[in-house]
Amino acid sequence: MKNKILVIHGPNLNLLGEREKSVYGSASLQEINKKIKALAKELKVEVEILQSNIEGEIVNAIQSAKGKFSAMVINPAGYTHYSVAIRDAIAAVRIPAVEVHLSNIYSREEIRHKSVIAPVAAGQIAGFGVNSYLLGLQAAVGLLKK
Ligand code: DQA
């Protein structure tokens with residue numbers, strides 16, 4: 001369990017690289033995952049990465065993280081703005097979570113300005129494209145050392 005970090009990509013992030021490139025950039029999810037894994041190696045932590053379009057699957061993954069992972073990095077994507085179930089799962093397992101977003105959700109449509117996840121996250125990183133994940137991973141590793 002020591003130094004193991006779970007990375008969760010929420011709905012539609014499997015379409016990165018083809019979806020709204022002007023907002024999310026041209027990197028595919030596979031390319032992003034490659035960068036996450038390379039940084040994890042550098043930082044000497046283990047990462048497990050999953051993507052799901054299904055809210056319940058994300059809730060299940062968070063619940064099963066208990067005892068297996070010391071921190072998580074999560075981009076809840078569209079669920080950010082209304083999933084009380086994902087928020088409750090994070091609060092329940094009490095594994096520190098870093099919320100990340102490729103785009104700056106606060107400079108976009110008003111429906112994206114509210115994150116129901118943020119109050120239960122250790123912190124949030126938004127607006128830096130692929131770097132949001134890399135900064136998020138660094139933040140998660142920082143939390144392990146606390
Ligand atoms: C997102 C922002 C969300 O508002 C949106 O629904 C996403 C991606 C981001 O990474 O910028 O799917 O989480």
# chains A, B, ... in the order shown; residues from 1 in each chain; ligands from 1
call {"tool": "residues_near_ligand", "arguments": {"ligand": "ligand 1", "cutoff": "7 Å", "atoms": "only C-alpha atoms and all ligand atoms", "output": "compact mmCIF listing (two decimals) with N, CA and C atoms, in the first residue's frame"}}
result
# COMPACT_ATOMS: atom_id res chain seq x y z
N PRO A 11 -15.91 10.45 -16.77
CA PRO A 11 -16.57 10.24 -18.06
C PRO A 11 -16.08 11.15 -19.19
N ASN A 12 -16.06 10.55 -20.36
CA ASN A 12 -15.69 11.22 -21.63
C ASN A 12 -14.20 11.50 -21.78
N LEU A 13 -13.43 11.24 -20.73
CA LEU A 13 -12.00 11.50 -20.84
C LEU A 13 -11.31 10.45 -21.71
N TYR A 24 -9.50 20.99 -24.33
CA TYR A 24 -8.81 19.93 -23.58
C TYR A 24 -7.44 19.54 -24.15
N ASN A 75 -9.86 13.14 -11.72
CA ASN A 75 -10.55 14.11 -12.57
C ASN A 75 -11.98 13.58 -12.73
N PRO A 76 -12.90 14.09 -11.93
CA PRO A 76 -14.26 13.55 -11.97
C PRO A 76 -15.03 13.98 -13.23
N ALA A 77 -14.41 14.83 -14.06
CA ALA A 77 -15.01 15.31 -15.32
C ALA A 77 -16.42 15.85 -15.06
N GLY A 78 -17.40 15.45 -15.86
CA GLY A 78 -18.75 16.00 -15.72
C GLY A 78 -19.35 15.75 -14.33
N TYR A 79 -18.90 14.68 -13.65
CA TYR A 79 -19.44 14.38 -12.31
C TYR A 79 -18.99 15.39 -11.26
N THR A 80 -17.94 16.14 -11.59
CA THR A 80 -17.43 17.16 -10.67
C THR A 80 -18.54 18.04 -10.13
N VAL A 100 -8.27 17.14 -10.05
CA VAL A 100 -7.60 17.81 -11.17
C VAL A 100 -8.55 18.02 -12.35
N HIS A 101 -8.29 19.10 -13.08
CA HIS A 101 -9.03 19.38 -14.31
C HIS A 101 -8.06 19.89 -15.35
N LEU A 102 -8.25 19.45 -16.56
CA LEU A 102 -7.43 19.95 -17.67
C LEU A 102 -7.71 21.42 -17.90
N SER A 103 -8.99 21.77 -17.91
CA SER A 103 -9.38 23.15 -18.20
C SER A 103 -9.56 23.92 -16.90
N ASN A 104 -9.57 25.25 -17.02
CA ASN A 104 -9.87 26.08 -15.86
C ASN A 104 -11.39 26.18 -15.76
N ILE A 105 -11.97 25.35 -14.91
CA ILE A 105 -13.43 25.26 -14.84
C ILE A 105 -14.08 26.60 -14.44
N ARG A 112 -20.02 24.94 -14.64
CA ARG A 112 -18.76 24.29 -14.27
C ARG A 112 -18.06 24.98 -13.11
N ALA A 126 -6.48 23.09 -11.55
CA ALA A 126 -7.29 23.19 -12.76
C ALA A 126 -6.68 24.18 -13.74
N GLY A 127 -6.71 23.84 -15.01
CA GLY A 127 -6.38 24.81 -16.03
C GLY A 127 -5.03 24.64 -16.71
call {"tool": "residues_around", "arguments": {"residues": "Val7 of chain A", "least_positions_apart": "2", "cutoff": "9 Å", "atoms": "only C-alpha atoms", "output": "ChimeraX atom specification"}}
result
/A:5,9,36,47-51,71-75,133,137
call {"tool": "select_by_dssp", "arguments": {"residues": "segment 95-130 of chain A", "states": "helix (DSSP H, G or I)", "output": "short mmCIF file (atom, residue, chain, number, x, y, z; two decimals) with N, CA, C and O atoms, in the first residue's frame"}}
result
data_model
loop_
_atom_site.label_atom_id
_atom_site.label_comp_id
_atom_site.auth_asym_id
_atom_site.auth_seq_id
_atom_site.Cartn_x
_atom_site.Cartn_y
_atom_site.Cartn_z
N ILE A 105 -11.97 25.35 -14.91
CA ILE A 105 -13.43 25.26 -14.84
C ILE A 105 -14.08 26.60 -14.44
O ILE A 105 -15.23 26.85 -14.75
N TYR A 106 -13.29 27.47 -13.79
CA TYR A 106 -13.84 28.76 -13.33
C TYR A 106 -13.91 29.81 -14.42
O TYR A 106 -14.55 30.84 -14.25
N SER A 107 -13.22 29.54 -15.54
CA SER A 107 -13.28 30.52 -16.63
C SER A 107 -14.24 30.05 -17.72
O SER A 107 -14.32 30.65 -18.78
N GLU A 110 -21.01 28.76 -16.42
CA GLU A 110 -21.32 28.83 -15.00
C GLU A 110 -21.59 27.45 -14.37
O GLU A 110 -21.23 27.23 -13.21
N ILE A 111 -22.16 26.53 -15.14
CA ILE A 111 -22.45 25.20 -14.56
C ILE A 111 -21.18 24.49 -14.10
O ILE A 111 -21.23 23.56 -13.31
N ARG A 112 -20.02 24.94 -14.64
CA ARG A 112 -18.76 24.29 -14.27
C ARG A 112 -18.06 24.98 -13.11
O ARG A 112 -17.01 24.56 -12.65
N ALA A 118 -14.72 19.41 -4.46
CA ALA A 118 -13.67 20.23 -3.84
C ALA A 118 -13.69 20.25 -2.30
O ALA A 118 -12.62 20.15 -1.68
N PRO A 119 -14.86 20.34 -1.66
CA PRO A 119 -14.85 20.40 -0.19
C PRO A 119 -14.29 19.14 0.49
O PRO A 119 -13.86 19.20 1.64
N VAL A 120 -14.29 18.01 -0.22
CA VAL A 120 -13.75 16.79 0.41
C VAL A 120 -12.38 16.42 -0.15
O VAL A 120 -11.78 15.41 0.22
N VAL A 130 -2.49 18.83 -19.57
CA VAL A 130 -1.89 17.57 -19.08
C VAL A 130 -1.11 17.81 -17.79
O VAL A 130 -1.06 16.96 -16.89
#
call {"tool": "residues_around", "arguments": {"residues": "Lys68 of chain A", "least_positions_apart": "2", "cutoff": "8 Å", "atoms": "only C-alpha atoms", "output": "list in words"}}
result
Met1, Lys4, Ser64, Ala65, Lys66 and Ser70 of chain A
call {"tool": "write_last_selection", "arguments": {"atoms": "all heavy atoms", "output": "compact mmCIF listing (two decimals), in the first residue's frame"}}
result
# COMPACT_ATOMS: atom_id res chain seq x y z
N MET A 1 0.83 -1.20 0.00
CA MET A 1 0.00 0.00 0.00
C MET A 1 0.87 1.26 0.00
O MET A 1 0.52 2.26 -0.60
CB MET A 1 -0.94 -0.03 1.21
CG MET A 1 -1.22 1.37 1.75
SD MET A 1 -2.75 1.48 2.63
CE MET A 1 -2.70 3.18 3.10
N LYS A 4 1.34 4.01 -2.90
CA LYS A 4 0.55 3.62 -4.07
C LYS A 4 -0.57 4.65 -4.29
O LYS A 4 -1.30 4.98 -3.36
CB LYS A 4 -0.05 2.22 -3.84
CG LYS A 4 -0.06 1.42 -5.11
CD LYS A 4 -0.42 0.00 -4.91
CE LYS A 4 -0.91 -0.52 -6.26
NZ LYS A 4 -1.60 -1.77 -6.19
N SER A 64 -13.08 0.59 -2.99
CA SER A 64 -12.10 -0.50 -2.89
C SER A 64 -10.67 0.00 -2.74
O SER A 64 -9.76 -0.80 -2.54
CB SER A 64 -12.17 -1.51 -4.04
OG SER A 64 -13.07 -1.16 -5.01
N ALA A 65 -10.48 1.32 -2.84
CA ALA A 65 -9.12 1.86 -2.67
C ALA A 65 -8.67 1.79 -1.22
O ALA A 65 -7.47 1.82 -0.92
CB ALA A 65 -9.08 3.30 -3.17
N LYS A 66 -9.62 1.69 -0.33
CA LYS A 66 -9.30 1.69 1.11
C LYS A 66 -8.35 0.53 1.45
O LYS A 66 -8.61 -0.61 1.10
CB LYS A 66 -10.59 1.57 1.92
CG LYS A 66 -10.45 2.20 3.26
CD LYS A 66 -11.75 2.22 4.02
CE LYS A 66 -11.44 2.40 5.47
NZ LYS A 66 -11.36 3.70 5.97
N SER A 70 -2.61 5.03 -0.86
CA SER A 70 -2.40 6.06 0.16
C SER A 70 -2.89 7.43 -0.28
O SER A 70 -2.95 8.34 0.54
CB SER A 70 -0.93 6.18 0.53
OG SER A 70 -0.22 5.06 0.18
call {"tool": "closest_residue", "arguments": {"among": "A:Ala122, A:Val23, A:Ala40, A:Ile62", "to": "Ile86 of chain A", "atoms": "only C-alpha atoms"}}
result
A:Ile62
call {"tool": "atom_distance", "arguments": {"atom1": "atom CA of Gly67 of chain A", "atom2": "atom CA of Ala91 of chain A"}}
result
14.7 Å
call {"tool": "select_by_dssp", "arguments": {"residues": "segment 34-94 of chain A", "states": "strand (DSSP E or B)", "output": "PyMOL selection string"}}
result
chain A and resi 46-51+71-75
call {"tool": "atom_distance", "arguments": {"atom1": "atom CA of Ala27 of chain A", "atom2": "atom CA of Ala85 of chain A"}}
result
29.1 Å
call {"tool": "closest_residue", "arguments": {"among": "A:Leu135, A:Leu6, A:Ala89, A:Ala97", "to": "Val45 of chain A", "atoms": "only C-alpha atoms"}}
result
A:Leu6
call {"tool": "atom_distance", "arguments": {"atom1": "atom CA of Glu46 of chain A", "atom2": "atom CA of Val84 of chain A"}}
result
28.4 Å
call {"tool": "decode", "arguments": {"residues": "segment 53-64 of chain A", "atoms": "all heavy atoms", "output": "PDB file, in the first residue's frame"}}
result
ATOM      1  N   ASN A  53     -16.830   5.747 -17.461  1.00  0.00           N
ATOM      2  CA  ASN A  53     -17.925   6.646 -17.833  1.00  0.00           C
ATOM      3  C   ASN A  53     -19.117   6.447 -16.901  1.00  0.00           C
ATOM      4  O   ASN A  53     -20.167   7.051 -17.100  1.00  0.00           O
ATOM      5  CB  ASN A  53     -18.361   6.370 -19.278  1.00  0.00           C
ATOM      6  CG  ASN A  53     -17.268   6.748 -20.268  1.00  0.00           C
ATOM      7  OD1 ASN A  53     -16.560   7.726 -20.067  1.00  0.00           O
ATOM      8  ND2 ASN A  53     -17.118   5.977 -21.337  1.00  0.00           N
ATOM      9  N   ILE A  54     -18.926   5.569 -15.914  1.00  0.00           N
ATOM     10  CA  ILE A  54     -20.066   5.154 -15.078  1.00  0.00           C
ATOM     11  C   ILE A  54     -19.846   5.575 -13.620  1.00  0.00           C
ATOM     12  O   ILE A  54     -18.862   5.176 -12.984  1.00  0.00           O
ATOM     13  CB  ILE A  54     -20.266   3.620 -15.184  1.00  0.00           C
ATOM     14  CG1 ILE A  54     -20.505   3.248 -16.663  1.00  0.00           C
ATOM     15  CG2 ILE A  54     -21.402   3.138 -14.303  1.00  0.00           C
ATOM     16  CD1 ILE A  54     -20.366   1.782 -16.965  1.00  0.00           C
ATOM     17  N   GLU A  55     -20.764   6.372 -13.119  1.00  0.00           N
ATOM     18  CA  GLU A  55     -20.626   6.922 -11.773  1.00  0.00           C
ATOM     19  C   GLU A  55     -20.422   5.826 -10.713  1.00  0.00           C
ATOM     20  O   GLU A  55     -19.534   5.919  -9.866  1.00  0.00           O
ATOM     21  CB  GLU A  55     -21.881   7.745 -11.447  1.00  0.00           C
ATOM     22  CG  GLU A  55     -21.807   8.506 -10.144  1.00  0.00           C
ATOM     23  CD  GLU A  55     -23.073   9.338  -9.907  1.00  0.00           C
ATOM     24  OE1 GLU A  55     -24.129   9.010 -10.480  1.00  0.00           O
ATOM     25  OE2 GLU A  55     -22.984  10.310  -9.142  1.00  0.00           O
ATOM     26  N   GLY A  56     -21.272   4.790 -10.783  1.00  0.00           N
ATOM     27  CA  GLY A  56     -21.202   3.713  -9.784  1.00  0.00           C
ATOM     28  C   GLY A  56     -19.869   2.985  -9.808  1.00  0.00           C
ATOM     29  O   GLY A  56     -19.366   2.536  -8.763  1.00  0.00           O
ATOM     30  N   GLU A  57     -19.287   2.866 -10.993  1.00  0.00           N
ATOM     31  CA  GLU A  57     -17.975   2.211 -11.094  1.00  0.00           C
ATOM     32  C   GLU A  57     -16.907   3.046 -10.394  1.00  0.00           C
ATOM     33  O   GLU A  57     -16.000   2.507  -9.770  1.00  0.00           O
ATOM     34  CB  GLU A  57     -17.590   2.049 -12.568  1.00  0.00           C
ATOM     35  CG  GLU A  57     -18.088   0.750 -13.150  1.00  0.00           C
ATOM     36  CD  GLU A  57     -17.644   0.556 -14.605  1.00  0.00           C
ATOM     37  OE1 GLU A  57     -16.742   1.271 -15.096  1.00  0.00           O
ATOM     38  OE2 GLU A  57     -18.239  -0.316 -15.246  1.00  0.00           O
ATOM     39  N   ILE A  58     -17.041   4.357 -10.521  1.00  0.00           N
ATOM     40  CA  ILE A  58     -16.072   5.253  -9.859  1.00  0.00           C
ATOM     41  C   ILE A  58     -16.250   5.159  -8.341  1.00  0.00           C
ATOM     42  O   ILE A  58     -15.273   5.069  -7.592  1.00  0.00           O
ATOM     43  CB  ILE A  58     -16.224   6.703 -10.384  1.00  0.00           C
ATOM     44  CG1 ILE A  58     -15.872   6.739 -11.886  1.00  0.00           C
ATOM     45  CG2 ILE A  58     -15.334   7.679  -9.601  1.00  0.00           C
ATOM     46  CD1 ILE A  58     -16.142   8.063 -12.588  1.00  0.00           C
ATOM     47  N   VAL A  59     -17.495   5.124  -7.898  1.00  0.00           N
ATOM     48  CA  VAL A  59     -17.773   4.965  -6.460  1.00  0.00           C
ATOM     49  C   VAL A  59     -17.179   3.641  -5.964  1.00  0.00           C
ATOM     50  O   VAL A  59     -16.501   3.596  -4.937  1.00  0.00           O
ATOM     51  CB  VAL A  59     -19.303   5.021  -6.192  1.00  0.00           C
ATOM     52  CG1 VAL A  59     -19.615   4.611  -4.758  1.00  0.00           C
ATOM     53  CG2 VAL A  59     -19.844   6.414  -6.477  1.00  0.00           C
ATOM     54  N   ASN A  60     -17.383   2.564  -6.726  1.00  0.00           N
ATOM     55  CA  ASN A  60     -16.836   1.257  -6.330  1.00  0.00           C
ATOM     56  C   ASN A  60     -15.312   1.299  -6.252  1.00  0.00           C
ATOM     57  O   ASN A  60     -14.715   0.747  -5.329  1.00  0.00           O
ATOM     58  CB  ASN A  60     -17.247   0.169  -7.331  1.00  0.00           C
ATOM     59  CG  ASN A  60     -18.682  -0.286  -7.119  1.00  0.00           C
ATOM     60  OD1 ASN A  60     -19.270  -0.042  -6.061  1.00  0.00           O
ATOM     61  ND2 ASN A  60     -19.263  -0.946  -8.119  1.00  0.00           N
ATOM     62  N   ALA A  61     -14.690   1.963  -7.235  1.00  0.00           N
ATOM     63  CA  ALA A  61     -13.223   2.027  -7.260  1.00  0.00           C
ATOM     64  C   ALA A  61     -12.705   2.789  -6.041  1.00  0.00           C
ATOM     65  O   ALA A  61     -11.715   2.395  -5.427  1.00  0.00           O
ATOM     66  CB  ALA A  61     -12.752   2.705  -8.549  1.00  0.00           C
ATOM     67  N   ILE A  62     -13.381   3.862  -5.686  1.00  0.00           N
ATOM     68  CA  ILE A  62     -12.946   4.652  -4.519  1.00  0.00           C
ATOM     69  C   ILE A  62     -13.120   3.826  -3.246  1.00  0.00           C
ATOM     70  O   ILE A  62     -12.237   3.761  -2.398  1.00  0.00           O
ATOM     71  CB  ILE A  62     -13.721   5.992  -4.442  1.00  0.00           C
ATOM     72  CG1 ILE A  62     -13.353   6.873  -5.643  1.00  0.00           C
ATOM     73  CG2 ILE A  62     -13.422   6.722  -3.129  1.00  0.00           C
ATOM     74  CD1 ILE A  62     -14.255   8.085  -5.853  1.00  0.00           C
ATOM     75  N   GLN A  63     -14.253   3.146  -3.153  1.00  0.00           N
ATOM     76  CA  GLN A  63     -14.476   2.306  -1.966  1.00  0.00           C
ATOM     77  C   GLN A  63     -13.425   1.218  -1.850  1.00  0.00           C
ATOM     78  O   GLN A  63     -12.914   0.947  -0.768  1.00  0.00           O
ATOM     79  CB  GLN A  63     -15.862   1.657  -2.025  1.00  0.00           C
ATOM     80  CG  GLN A  63     -16.986   2.622  -1.734  1.00  0.00           C
ATOM     81  CD  GLN A  63     -18.334   1.921  -1.623  1.00  0.00           C
ATOM     82  OE1 GLN A  63     -18.404   0.687  -1.558  1.00  0.00           O
ATOM     83  NE2 GLN A  63     -19.396   2.683  -1.602  1.00  0.00           N
ATOM     84  N   SER A  64     -13.080   0.590  -2.989  1.00  0.00           N
ATOM     85  CA  SER A  64     -12.097  -0.503  -2.887  1.00  0.00           C
ATOM     86  C   SER A  64     -10.670  -0.001  -2.737  1.00  0.00           C
ATOM     87  O   SER A  64      -9.763  -0.798  -2.539  1.00  0.00           O
ATOM     88  CB  SER A  64     -12.167  -1.515  -4.039  1.00  0.00           C
ATOM     89  OG  SER A  64     -13.074  -1.165  -5.010  1.00  0.00           O
TER      90      SER A  64
END
